[in-house]
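Quick notes on the structure that follows.
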Amino acid sequence: MPSRTDLRLRRPLPGLLRLPWDEPLAHWRPEQALLREMPVGPSRHLVRFVEAEGRMWAVKELPARVAEQEYAVLRELEVRGLPAVKAAGLVHQPESGNALLLTRYLDRSWQFRRLLMRLPPNRPAHRARLLDAMASLLVDLHRNGVYWGDCSLANTLFSRDGQRLQAWLVDAETSEIHPALTTGQRNHDLDILTENVAGGLLDLAMMLERPPEIYDQLVDEAATVATRYRELWDVLHEEPLYSFADRIQIEGRIRRLNDMGFAVDEVELVPTEGGDERLRLTVSVAARQYHARELFELTGLEVGEGQAQVLLSDLRAYEATLREFQGGLTKRGSGITQAKAVQLWMDKLLRPGSERAHEAVGRIGGPVQAYCDLLEVRWLLSEQAGFDVGDGAALDALANRSQPTDSAAMVVVAEEDTVEMRRPTPEMIAEASGGAP
C-alpha cells in the first residue's frame with residue numbers, strides 16, 4: 001500500500017485491505033475488485049459497489065473534508081442507534097485532495113423509484129407508507145439533534161418492517177449534530193424535505209410519462225409529509241396538564257406512546273409556574289423499539305419494531321385461543337404457562353408459517369417478513385370473503401402476486417430481482433385509477 005494513502009478501516013478484513021485504495025475510484029478495474037452494478041439514484045459524487053468478504057460495500061469518492069465530516073456523522077448516528085447506513089472506513093488520498101468513504105451496503109433495501117415503478121400506477125396507499133417513513137426518520141434525527149440538510153427521497157433507502165416501511169439515511173454530507181435543534185433548524189429541514197419529496201415524485205411521474213393532471217395530486221401528497229412530521233413531533237413533545245389524581249389519563253398517554261412503539265424512560269409531574277393546581281406531565285421516550293424489546297424478552301427473536309407489532313398480535317390471539325380451549329393461561333397450577341404458550345406459538349405457527357410463506361414469495365426477503373405478509377393477506381382476504389379463508393388462500397395469493405393491490409404485502413415487488421420480477425397483471429393495471437407512480 002503506497003505510503004501516501006491514509007487508510008482507516010473499522011474492520012481490517014483481508015478482502016477490504018486488498019482493494020486498490022491508492023487509485024481514484026473511477027479507475028478501479030474488475031481484476032482489482034469484485035465490482036457490482038447496483039441501482040442508485042442521482043448523486044453529486046461517484047459511488048461504486050464492491051463485494052468483499054462475502055458482503056456488499058458502497059464506496060463513495062468525495063472531497064476529503066466532506067468525507068471526514070460524513071464519516072464522523074455516520075459513526076455518531078450508529079452510536080445513537082439511528083436508522084442510517086454504517087460507516088466502515090475512510091481512505092484519504094492527499095495527492096487528489098479526495099477521500100473514499102466506505103459504508104456497509106444495506107441488505108434488502110431499495111430506493112423509492114424501485115418500488116413505485118413496479119407497482120400498478122397511482123397507488124396513494126403505498127406513497128403514504130413512504131411519507132410516513134420519511135416523517136418518522138426526520139423526527140428520529142431531530143430528536144437526537146441531527147440536522148440532515150439534504151433530506152430527500154433520493155438520499156433515503158427503504159426496507160420492509162411488518163406492515164410499514166423503515167426509512168434509512170444514506171447520505172450525510174450536509175448533516176450536522178448539535179446538542180439540540182432550534183425550531184428554525186427543524187422547520188428549515190422540514191421545508192427541504194417537503195420540497196424534495198414533491199420534486200422526487202414529480203420527476204418519477206414525468207419519467208414514467210404519467211398524465212400531467214395528476215401532478216397536483218402528487219404535490220398535495222408530498223405536502224402531507226410535513227403534517228405527518230408535526231403530528232408525530234407533537235405527540236412526543238407535548239406537555240399536557242393533569243391533576244395528581246388523573247392516573248387514568250396519564251396511563252392512557254403512556255399507552256398511546258407504547259402503541260406507537262416508543263418505550264417510556266421516565267415520567268415527571270412538575271408544578272406549573274402560575275400556581276395552577278394541575279401538574280405538567282413530561283414524558284421521556286427512548287427509541288421506537290417497545291414491541292421489539294417485548295418480543296425479544298418473550299422469544300429471543302430480534303426483529304424490526306413493525307414486525308414485532310404484527311407478531312405480538314398473532315401471539316396474543318394464539319394465547320386467547322389457548323385460554324378458550326384449555327382453561328386459560330396461569331402462572332401457577334395446572335394451566336399452561338405463558339412461556340409454554342410462547343413455545344407452542346413458535347413451534348406450531350411461527351416457524352412452519354414463516355417457512356411456507358417464505359417459499360410462497362420465492363424466498364424473497366426474510367421469513368419473518370413473509371409471515372407478516374401471510375397474516376395481513378389472510379386477514380384482508382377473510383374480510384372480503386366474510387369468513388376465515390385460511391392460510392392456503394393467503395399463500396396462493398402471495399405466490400401468484402394476487403394479494404390486494406394496496407396491501408403492505410404487495411411491497412414485496414420492490415425486493416424482487418429485476419430478471420425474476422413478476423410485473424402487475426392486466427387485471428391489476430385495469431383496477432388502478434389515474435396514472436401517478
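Residue names in the C-alpha cells use chain letters A, B, ... in the order shown, residue numbers from 1 in each chain, and ligand numbers from 1 in the order shown.
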Considering only C-alpha atoms, give me a table of residues in region 38-124 of chain A that are at most 12 Å from region 161-179 of chain A, with the closest atom pair and distance in Å for each, as a Markdown table.
```
| residue | atom | partner | partner_atom | distance |
| --- | --- | --- | --- | --- |
| A:Val40 | CA | A:Val170 | CA | 11.1 |
| A:Gly41 | CA | A:Val170 | CA | 11.2 |
| A:Pro42 | CA | A:Asp171 | CA | 11.5 |
| A:Ser43 | CA | A:Asp171 | CA | 9.4 |
| A:Arg44 | CA | A:Glu173 | CA | 10.2 |
| A:His45 | CA | A:Glu173 | CA | 10.5 |
| A:Val47 | CA | A:Asp171 | CA | 11.3 |
| A:Ala58 | CA | A:Val170 | CA | 10.4 |
| A:Lys60 | CA | A:Asp171 | CA | 10.2 |
| A:Glu61 | CA | A:Glu173 | CA | 11.7 |
| A:Leu62 | CA | A:Glu173 | CA | 9.4 |
| A:Pro63 | CA | A:Glu173 | CA | 10.3 |
| A:Ala64 | CA | A:Glu173 | CA | 11.2 |
| A:Arg65 | CA | A:Glu173 | CA | 9.9 |
| A:Val66 | CA | A:Glu173 | CA | 6.2 |
| A:Ala67 | CA | A:Glu173 | CA | 7.2 |
| A:Glu68 | CA | A:Glu173 | CA | 9.2 |
| A:Gln69 | CA | A:Glu173 | CA | 7.0 |
| A:Glu70 | CA | A:Glu173 | CA | 5.1 |
| A:Tyr71 | CA | A:Ala172 | CA | 8.3 |
| A:Ala72 | CA | A:Ala172 | CA | 9.5 |
| A:Val73 | CA | A:Ala172 | CA | 6.8 |
| A:Leu74 | CA | A:Ala172 | CA | 7.0 |
| A:Arg75 | CA | A:Ala172 | CA | 10.7 |
| A:Glu76 | CA | A:Ile177 | CA | 8.5 |
| A:Leu77 | CA | A:Ile177 | CA | 9.2 |
| A:Glu78 | CA | A:Leu169 | CA | 11.1 |
| A:Arg80 | CA | A:Ile177 | CA | 11.4 |
| A:Gly81 | CA | A:Trp168 | CA | 11.6 |
| A:Leu82 | CA | A:Trp168 | CA | 8.5 |
| A:Pro83 | CA | A:Trp168 | CA | 5.0 |
| A:Ala84 | CA | A:Leu169 | CA | 4.4 |
| A:Val85 | CA | A:Val170 | CA | 5.5 |
| A:Lys86 | CA | A:Val170 | CA | 8.8 |
| A:Ala87 | CA | A:Val170 | CA | 10.0 |
| A:Leu101 | CA | A:Glu173 | CA | 10.8 |
| A:Leu102 | CA | A:Val170 | CA | 11.8 |
| A:Thr103 | CA | A:Val170 | CA | 9.2 |
| A:Arg104 | CA | A:Val170 | CA | 10.3 |
| A:Tyr105 | CA | A:Val170 | CA | 9.7 |
| A:Leu106 | CA | A:Trp168 | CA | 8.9 |
| A:Asp107 | CA | A:Trp168 | CA | 11.5 |
| A:Arg108 | CA | A:Asp161 | CA | 10.8 |
| A:Ser109 | CA | A:Trp168 | CA | 8.8 |
| A:Trp110 | CA | A:Ala167 | CA | 9.8 |
| A:Gln111 | CA | A:Ala167 | CA | 9.6 |
| A:Phe112 | CA | A:Ala167 | CA | 10.0 |
| A:Leu115 | CA | A:Leu165 | CA | 11.4 |
```
Which neighbours of Val285 (chain A) fall inside 12 Å, counting only C-alpha atoms, when residues of the same chain fewer than 2 positions from it are skipped, and could you give them as a PDB file with C-alpha atoms, in the first residue's frame?
```pdb
ATOM      1  CA  ASP A 140     -35.869  10.472  14.934  1.00  0.00           C
ATOM      2  CA  ARG A 143     -34.961  14.325  18.462  1.00  0.00           C
ATOM      3  CA  ASN A 144     -31.264  13.446  18.577  1.00  0.00           C
ATOM      4  CA  TRP A 233     -43.400  15.510  16.945  1.00  0.00           C
ATOM      5  CA  VAL A 235     -47.267  13.614  20.377  1.00  0.00           C
ATOM      6  CA  LEU A 236     -43.714  13.103  21.604  1.00  0.00           C
ATOM      7  CA  HIS A 237     -43.162  16.596  22.962  1.00  0.00           C
ATOM      8  CA  ARG A 253     -50.844   8.801  27.328  1.00  0.00           C
ATOM      9  CA  ILE A 254     -48.150   6.277  28.154  1.00  0.00           C
ATOM     10  CA  ARG A 256     -50.549   5.695  23.357  1.00  0.00           C
ATOM     11  CA  LEU A 257     -46.799   6.145  23.142  1.00  0.00           C
ATOM     12  CA  ASN A 258     -46.281   2.403  23.654  1.00  0.00           C
ATOM     13  CA  MET A 260     -46.692   3.845  18.594  1.00  0.00           C
ATOM     14  CA  GLY A 261     -43.637   1.793  19.521  1.00  0.00           C
ATOM     15  CA  PHE A 262     -41.939   4.186  21.935  1.00  0.00           C
ATOM     16  CA  ALA A 263     -40.661   2.908  25.263  1.00  0.00           C
ATOM     17  CA  VAL A 264     -41.137   5.409  28.076  1.00  0.00           C
ATOM     18  CA  ASP A 265     -37.954   6.012  30.068  1.00  0.00           C
ATOM     19  CA  GLU A 266     -39.255   8.496  32.609  1.00  0.00           C
ATOM     20  CA  VAL A 267     -42.463  10.276  33.594  1.00  0.00           C
ATOM     21  CA  GLU A 268     -42.256  13.552  35.508  1.00  0.00           C
ATOM     22  CA  THR A 282     -43.212  15.465  30.868  1.00  0.00           C
ATOM     23  CA  VAL A 283     -42.531  12.095  29.290  1.00  0.00           C
ATOM     24  CA  ALA A 287     -36.115   4.756  20.532  1.00  0.00           C
ATOM     25  CA  ARG A 288     -39.097   3.194  18.809  1.00  0.00           C
ATOM     26  CA  GLN A 289     -38.418  -0.382  19.925  1.00  0.00           C
ATOM     27  CA  TYR A 290     -41.097  -1.018  22.537  1.00  0.00           C
TER      28      TYR A 290
END
```
**Request:** Could you pull out the residues in region 332-383 of chain A that DSSP calls alpha helix (DSSP H) from the backbone, as a PyMOL selection string?
**Result:** chain A and resi 338-345+351-360+367-383
**Message:** What parts of region 245-401 of chain A does DSSP call strand (DSSP E or B)? I'd like the answer as a list in words.
**Reply:** Val264, Asp265, Glu266, Val267, Glu268, Leu269, Val270, Pro271, Leu279, Arg280, Leu281, Thr282, Val283, Ser284, Val285, Leu329 and Ile336 of chain A
**Asked** For Asp132 (chain A), which residue among A:Asp406, A:Glu305, A:Glu355, A:Glu231 is the nearest when counting only C-alpha atoms?
**Response**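 Checking each of A:Asp406, A:Glu305, A:Glu355, A:Glu231 against Asp132 (chain A), counting only C-alpha atoms, the winner is A:Glu231.
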Determine, using only C-alpha atoms, which residues of region 221-332 of chain A have any atom at most 10 Å from an atom of region 371-383 of chain A, and tabulate each with its shortest atom pair and distance in Å to one decimal place, rows ordered by chain and then rising number, as JSON lines.
```
{"residue": "A:Gly306", "atom": "CA", "partner": "A:Cys372", "partner_atom": "CA", "distance": 9.4}
{"residue": "A:Gln307", "atom": "CA", "partner": "A:Cys372", "partner_atom": "CA", "distance": 6.7}
{"residue": "A:Ala308", "atom": "CA", "partner": "A:Cys372", "partner_atom": "CA", "distance": 9.3}
{"residue": "A:Gln309", "atom": "CA", "partner": "A:Cys372", "partner_atom": "CA", "distance": 9.7}
{"residue": "A:Val310", "atom": "CA", "partner": "A:Cys372", "partner_atom": "CA", "distance": 6.4}
{"residue": "A:Leu311", "atom": "CA", "partner": "A:Cys372", "partner_atom": "CA", "distance": 7.2}
{"residue": "A:Asp314", "atom": "CA", "partner": "A:Leu375", "partner_atom": "CA", "distance": 8.1}
```
For the residues selected in the previous step, produce a file with N, CA and C atoms as an mmCIF file, in the first residue's frame.
```cif
data_model
loop_
_atom_site.group_PDB
_atom_site.id
_atom_site.type_symbol
_atom_site.label_atom_id
_atom_site.label_comp_id
_atom_site.auth_asym_id
_atom_site.auth_seq_id
_atom_site.Cartn_x
_atom_site.Cartn_y
_atom_site.Cartn_z
ATOM 1 N N GLY A 306 -41.916 -2.814 13.533
ATOM 2 C CA GLY A 306 -43.153 -3.099 12.819
ATOM 3 C C GLY A 306 -43.448 -4.591 12.767
ATOM 4 N N GLN A 307 -42.433 -5.392 12.542
ATOM 5 C CA GLN A 307 -42.628 -6.844 12.535
ATOM 6 C C GLN A 307 -43.041 -7.331 13.911
ATOM 7 N N ALA A 308 -42.428 -6.778 14.959
ATOM 8 C CA ALA A 308 -42.754 -7.195 16.324
ATOM 9 C C ALA A 308 -44.208 -6.911 16.661
ATOM 10 N N GLN A 309 -44.736 -5.776 16.195
ATOM 11 C CA GLN A 309 -46.136 -5.466 16.456
ATOM 12 C C GLN A 309 -47.053 -6.521 15.842
ATOM 13 N N VAL A 310 -46.753 -6.926 14.623
ATOM 14 C CA VAL A 310 -47.567 -7.938 13.948
ATOM 15 C C VAL A 310 -47.463 -9.276 14.669
ATOM 16 N N LEU A 311 -46.243 -9.672 15.023
ATOM 17 C CA LEU A 311 -46.033 -10.971 15.654
ATOM 18 C C LEU A 311 -46.655 -11.022 17.046
ATOM 19 N N ASP A 314 -50.317 -11.636 16.746
ATOM 20 C CA ASP A 314 -50.587 -13.045 16.431
ATOM 21 C C ASP A 314 -50.397 -13.918 17.658
#
```
**Request:** Excluding Ala223 (chain A) and residues on its chain fewer than 4 positions from it, collect all residues at most 10 Å away from it, counting only C-alpha atoms, and give them as a list of chain:residue names.
**Result:**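 The neighbour list is A:Leu131, A:Asp191, A:Leu193, A:Thr194, A:Glu195, A:Val197, A:Ala198, A:Leu218, A:Val219, A:Thr227, A:Arg228.
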**CA of Gln338 (chain A) to CA of Arg351 (chain A), distance in Å rounded to a single decimal** =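 Between these atoms lies a distance of 18.0 Å.
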**Asked** Quick one, how far is CA of Leu301 (chain A) from CA of Leu141 (chain A)?
**Response** 26.2 Å
**Asked** By how many Å are CA of Glu324 (chain A) and CA of Glu297 (chain A) apart?
**Response**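 These two atoms are separated by 24.8 Å.
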**Asked** Which one of A:Arg55, A:Arg113, A:Arg247, A:Arg160 sits closest to Leu269 (chain A) if you count only C-alpha atoms?
**Response** A:Arg247
**Message:** Residues near Glu37 (chain A), anyone? I mean within 9 Å using only C-alpha atoms, not counting same-chain ones fewer than 3 positions away, as a ChimeraX atom specification.
**Reply:** /A:48-50
Using C-alpha atoms, can you write the selected residues to a file as a short mmCIF file (atom, residue, chain, number, x, y, z; two decimals), in the first residue's frame?
```
data_model
loop_
_atom_site.label_atom_id
_atom_site.label_comp_id
_atom_site.auth_asym_id
_atom_site.auth_seq_id
_atom_site.Cartn_x
_atom_site.Cartn_y
_atom_site.Cartn_z
CA ARG A 48 -19.41 2.20 -6.78
CA PHE A 49 -20.26 -1.10 -5.14
CA VAL A 50 -17.83 -3.87 -4.39
#
```
